[in-house]
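Working notes, structure below.
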Amino acid sequence: KAGVTQTPRYLIKTRGQQVTLSCSPISGHRSVSWYQQTPGQGLQFLFEYFSETQRNKGNFPGRFSGRQFSNSRSEMNVSTLELGDSALYLCASSLNPWNTDTQYFGPGTRLTVL
Amino acid sequence: QQQVKQSPQSLIVQKGGISIINCAYENTAFDYFPWYQQFPGKGPALLIAIRPDVSEKKEGRFTISFNKSAKQFSLHIMDSQPGDSATYFCGVKKSSGDKLTFGTGTRLAVRP
């Protein structure tokens, strides 16, 4: 069974631009969570989607948004990029929000903002 | 407010030694406590997890000790190996479907 895939793996943008990251969960998984990982802040929860609905949202500004499609694939968008948005963005999928033992992470997208 | 506090930030252990990483939490509603292992360039991977109805769980060389009254849990890596060198994150979650919150991570280096 294929794991969680994230595209692109690396991305370089400049301040003020916007970016869209994609996550394809494991087949059969309907819950997708996004995390931002930085050396200083660790793993920070961004949001979680289940059945195309946002269930939970972390403490990030409105520039960070996401969505989930009917096939469970998810995208996250960051508008008006800032230098501080440089981070590894991780996606995790699970069967559903209550089945935590099945949560698997993708390899992440490394975003660099210049 | 930090939901879970993890220590130490970094740890160096000799091969064959015991690595111990600790986490403390405040919210007694948490009922799922996982440990994740992350190698450079990879996403975190679930290593072992425990629920509050048991005080200890062992899987191979990895053991979680859980102290419900102290609201603390720890990861013990017995006979530590250089291949265990990675960053370890503890997590806390309510199984009602709340988000998984991570500790700040511990970078473990096992010297040959």
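Each chain in the structure tokens gets a letter, A, B, ..., in the order shown, and its residues are numbered from 1; ligands are numbered from 1 in order too.
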
Give me, as number ranges by chain, all polymer residues having an atom no more than 7 Å from Gln72 in chain B, counting only C-alpha atoms and skipping those fewer than 3 positions away in the same chain.
B: 23-25, 66-68

Surrounding residues of Pro97 in chain A excluding itself and chain neighbours under 2 positions, 8 Å, only C-alpha atoms, as number ranges by chain:
A: 31, 50, 94-95, 99-100; B: 97-98

How would the residues just chosen look if you wrote them out with all heavy atoms as a PDB file, in the first residue's frame?
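Generated output (part-v4.pdb):
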ATOM      1  N   SER A  31      -9.047  11.119   6.755  1.00  0.00           N
ATOM      2  CA  SER A  31      -8.672  12.263   7.589  1.00  0.00           C
ATOM      3  C   SER A  31      -7.280  12.722   7.217  1.00  0.00           C
ATOM      4  O   SER A  31      -6.355  11.905   7.086  1.00  0.00           O
ATOM      5  CB  SER A  31      -8.716  11.857   9.068  1.00  0.00           C
ATOM      6  OG  SER A  31      -8.304  12.929   9.883  1.00  0.00           O
ATOM      7  N   PHE A  50     -11.691  16.186   7.419  1.00  0.00           N
ATOM      8  CA  PHE A  50     -12.319  14.867   7.384  1.00  0.00           C
ATOM      9  C   PHE A  50     -13.589  14.987   6.569  1.00  0.00           C
ATOM     10  O   PHE A  50     -14.420  15.855   6.842  1.00  0.00           O
ATOM     11  CB  PHE A  50     -12.620  14.371   8.802  1.00  0.00           C
ATOM     12  CG  PHE A  50     -13.368  13.064   8.851  1.00  0.00           C
ATOM     13  CD1 PHE A  50     -12.782  11.905   8.364  1.00  0.00           C
ATOM     14  CD2 PHE A  50     -14.636  12.987   9.398  1.00  0.00           C
ATOM     15  CE1 PHE A  50     -13.439  10.690   8.423  1.00  0.00           C
ATOM     16  CE2 PHE A  50     -15.320  11.778   9.454  1.00  0.00           C
ATOM     17  CZ  PHE A  50     -14.714  10.630   8.964  1.00  0.00           C
ATOM     18  N   SER A  94      -5.033   9.560   8.351  1.00  0.00           N
ATOM     19  CA  SER A  94      -5.516   8.466   9.196  1.00  0.00           C
ATOM     20  C   SER A  94      -6.890   8.046   8.687  1.00  0.00           C
ATOM     21  O   SER A  94      -7.526   8.764   7.915  1.00  0.00           O
ATOM     22  CB  SER A  94      -5.570   8.866  10.669  1.00  0.00           C
ATOM     23  OG  SER A  94      -6.418   9.963  10.857  1.00  0.00           O
ATOM     24  N   LEU A  95      -7.331   6.892   9.147  1.00  0.00           N
ATOM     25  CA  LEU A  95      -8.634   6.392   8.710  1.00  0.00           C
ATOM     26  C   LEU A  95      -9.721   7.418   9.005  1.00  0.00           C
ATOM     27  O   LEU A  95     -10.565   7.727   8.167  1.00  0.00           O
ATOM     28  CB  LEU A  95      -8.951   5.077   9.413  1.00  0.00           C
ATOM     29  CG  LEU A  95      -8.212   3.839   8.912  1.00  0.00           C
ATOM     30  CD1 LEU A  95      -8.459   2.668   9.846  1.00  0.00           C
ATOM     31  CD2 LEU A  95      -8.636   3.482   7.489  1.00  0.00           C
ATOM     32  N   ASN A  99      -9.248   7.415  15.015  1.00  0.00           N
ATOM     33  CA  ASN A  99      -8.378   6.258  14.902  1.00  0.00           C
ATOM     34  C   ASN A  99      -6.936   6.720  14.800  1.00  0.00           C
ATOM     35  O   ASN A  99      -6.327   6.675  13.749  1.00  0.00           O
ATOM     36  CB  ASN A  99      -8.765   5.433  13.677  1.00  0.00           C
ATOM     37  CG  ASN A  99      -8.230   4.023  13.754  1.00  0.00           C
ATOM     38  OD1 ASN A  99      -7.141   3.796  14.268  1.00  0.00           O
ATOM     39  ND2 ASN A  99      -8.985   3.065  13.255  1.00  0.00           N
ATOM     40  N   THR A 100      -6.372   7.159  15.914  1.00  0.00           N
ATOM     41  CA  THR A 100      -5.057   7.787  15.910  1.00  0.00           C
ATOM     42  C   THR A 100      -3.931   6.805  15.667  1.00  0.00           C
ATOM     43  O   THR A 100      -2.873   7.185  15.199  1.00  0.00           O
ATOM     44  CB  THR A 100      -4.824   8.488  17.250  1.00  0.00           C
ATOM     45  OG1 THR A 100      -5.205   7.602  18.301  1.00  0.00           O
ATOM     46  CG2 THR A 100      -5.623   9.767  17.333  1.00  0.00           C
TER      47      THR A 100
ATOM     48  N   GLY B  97     -11.470  12.860  19.144  1.00  0.00           N
ATOM     49  CA  GLY B  97     -11.283  13.394  17.804  1.00  0.00           C
ATOM     50  C   GLY B  97     -10.581  14.733  17.780  1.00  0.00           C
ATOM     51  O   GLY B  97     -10.551  15.400  16.761  1.00  0.00           O
ATOM     52  N   ASP B  98     -10.003  15.108  18.897  1.00  0.00           N
ATOM     53  CA  ASP B  98      -9.258  16.358  18.975  1.00  0.00           C
ATOM     54  C   ASP B  98      -7.938  16.212  18.224  1.00  0.00           C
ATOM     55  O   ASP B  98      -7.525  15.110  17.859  1.00  0.00           O
ATOM     56  CB  ASP B  98      -9.004  16.706  20.438  1.00  0.00           C
ATOM     57  CG  ASP B  98      -8.579  18.150  20.613  1.00  0.00           C
ATOM     58  OD1 ASP B  98      -8.718  18.934  19.648  1.00  0.00           O
ATOM     59  OD2 ASP B  98      -8.095  18.493  21.705  1.00  0.00           O
TER      60      ASP B  98
END

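Set the cut-off at 8 Å, count only C-alpha atoms, and the residues of chain B near chain A turn out to be B:Gly41, B:Lys42, B:Gly43, B:Pro44, B:Ala45, B:Leu46, B:Ala49, B:Ser95, B:Ser96, B:Gly97, B:Asp98, B:Lys99, B:Leu100, B:Thr101, B:Phe102, B:Gly103, B:Thr104, B:Gly105.
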
Suppose you want the space between CA of Thr87 in chain B and CA of Val13 in chain B; what is it in Å?
13.4 Å

Can you tell me, as number ranges by chain, what residues are no more than 9 Å from range 62-78 of chain A when counting only C-alpha atoms, ignoring any on the same chain fewer than 2 positions away?
A: 17-25, 27-34, 46-54, 60, 80-81, 85, 91

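Here the residues within range 39-78 of chain B that DSSP labels strand (DSSP E or B) on the basis of the backbone are Ala45, Leu46, Leu47, Ile48, Ala49, Ile50, Glu56, Lys57, Lys58, Glu59, Phe62, Thr63, Ile64, Ser65, Phe66, Asn67, Gln72, Phe73, Ser74, Leu75, His76 and Ile77 of chain B.
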
Write a file of the selected residues as a JSON list (two decimals), in the first residue's frame, keeping N, CA and C atoms.
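Result file is again_30.json:
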[["chain", "number", "residue", "atom", "x", "y", "z"],
["B", 45, "ALA", "N", 7.34, 9.13, 12.33],
["B", 45, "ALA", "CA", 6.70, 7.82, 12.25],
["B", 45, "ALA", "C", 6.32, 7.37, 13.65],
["B", 46, "LEU", "N", 5.11, 6.85, 13.77],
["B", 46, "LEU", "CA", 4.64, 6.37, 15.08],
["B", 46, "LEU", "C", 5.51, 5.23, 15.57],
["B", 47, "LEU", "N", 6.04, 5.40, 16.78],
["B", 47, "LEU", "CA", 6.95, 4.41, 17.36],
["B", 47, "LEU", "C", 6.21, 3.50, 18.33],
["B", 48, "ILE", "N", 5.53, 4.10, 19.27],
["B", 48, "ILE", "CA", 4.82, 3.36, 20.30],
["B", 48, "ILE", "C", 3.83, 4.33, 20.94],
["B", 49, "ALA", "N", 2.71, 3.82, 21.44],
["B", 49, "ALA", "CA", 1.71, 4.68, 22.07],
["B", 49, "ALA", "C", 1.09, 3.98, 23.26],
["B", 50, "ILE", "N", 0.54, 4.76, 24.18],
["B", 50, "ILE", "CA", -0.07, 4.20, 25.38],
["B", 50, "ILE", "C", -1.35, 4.95, 25.70],
["B", 56, "GLU", "N", 2.50, 0.91, 31.79],
["B", 56, "GLU", "CA", 3.71, 0.64, 31.01],
["B", 56, "GLU", "C", 3.35, -0.16, 29.76],
["B", 57, "LYS", "N", 4.07, 0.14, 28.67],
["B", 57, "LYS", "CA", 3.89, -0.62, 27.44],
["B", 57, "LYS", "C", 5.26, -0.82, 26.82],
["B", 58, "LYS", "N", 5.54, -2.04, 26.43],
["B", 58, "LYS", "CA", 6.85, -2.36, 25.90],
["B", 58, "LYS", "C", 6.73, -2.95, 24.51],
["B", 59, "GLU", "N", 7.56, -2.47, 23.59],
["B", 59, "GLU", "CA", 7.62, -3.04, 22.25],
["B", 59, "GLU", "C", 9.10, -3.12, 21.87],
["B", 62, "PHE", "N", 11.83, -0.55, 23.09],
["B", 62, "PHE", "CA", 11.15, 0.71, 23.42],
["B", 62, "PHE", "C", 10.05, 0.47, 24.46],
["B", 63, "THR", "N", 10.07, 1.29, 25.51],
["B", 63, "THR", "CA", 9.09, 1.18, 26.58],
["B", 63, "THR", "C", 8.53, 2.56, 26.90],
["B", 64, "ILE", "N", 7.21, 2.63, 27.06],
["B", 64, "ILE", "CA", 6.59, 3.86, 27.58],
["B", 64, "ILE", "C", 6.22, 3.58, 29.03],
["B", 65, "SER", "N", 6.62, 4.50, 29.91],
["B", 65, "SER", "CA", 6.17, 4.47, 31.30],
["B", 65, "SER", "C", 5.20, 5.63, 31.49],
["B", 66, "PHE", "N", 4.06, 5.35, 32.10],
["B", 66, "PHE", "CA", 3.02, 6.35, 32.23],
["B", 66, "PHE", "C", 2.64, 6.53, 33.69],
["B", 67, "ASN", "N", 2.68, 7.76, 34.18],
["B", 67, "ASN", "CA", 2.31, 8.08, 35.56],
["B", 67, "ASN", "C", 1.11, 9.03, 35.51],
["B", 72, "GLN", "N", 2.65, 12.53, 33.75],
["B", 72, "GLN", "CA", 3.93, 12.44, 33.05],
["B", 72, "GLN", "C", 4.02, 11.09, 32.35],
["B", 73, "PHE", "N", 4.75, 11.07, 31.25],
["B", 73, "PHE", "CA", 5.05, 9.80, 30.59],
["B", 73, "PHE", "C", 6.44, 9.92, 29.95],
["B", 74, "SER", "N", 7.07, 8.78, 29.82],
["B", 74, "SER", "CA", 8.43, 8.82, 29.33],
["B", 74, "SER", "C", 8.69, 7.66, 28.36],
["B", 75, "LEU", "N", 9.67, 7.88, 27.51],
["B", 75, "LEU", "CA", 10.12, 6.86, 26.55],
["B", 75, "LEU", "C", 11.49, 6.37, 27.00],
["B", 76, "HIS", "N", 11.61, 5.06, 27.12],
["B", 76, "HIS", "CA", 12.89, 4.45, 27.46],
["B", 76, "HIS", "C", 13.34, 3.62, 26.27],
["B", 77, "ILE", "N", 14.57, 3.86, 25.83],
["B", 77, "ILE", "CA", 15.15, 3.06, 24.75],
["B", 77, "ILE", "C", 16.28, 2.25, 25.38]]

Between CA of Thr38 in chain A and CA of Phe30 in chain B, what is the distance in Å, rounded to a tenth?
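Calculated distance between CA of Thr38 in chain A and CA of Phe30 in chain B is 24.8 Å.
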
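The gap separating CA of Gln2 in chain B from CA of Asp53 in chain B is 24.1 Å, in Å to one decimal.
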
Write out as a ChimeraX atom specification each polymer residue whose atoms come within 8 Å of Leu11 in chain B, counting only C-alpha atoms; drop sequence neighbours fewer than 4 positions from it.
/B:19,106-109
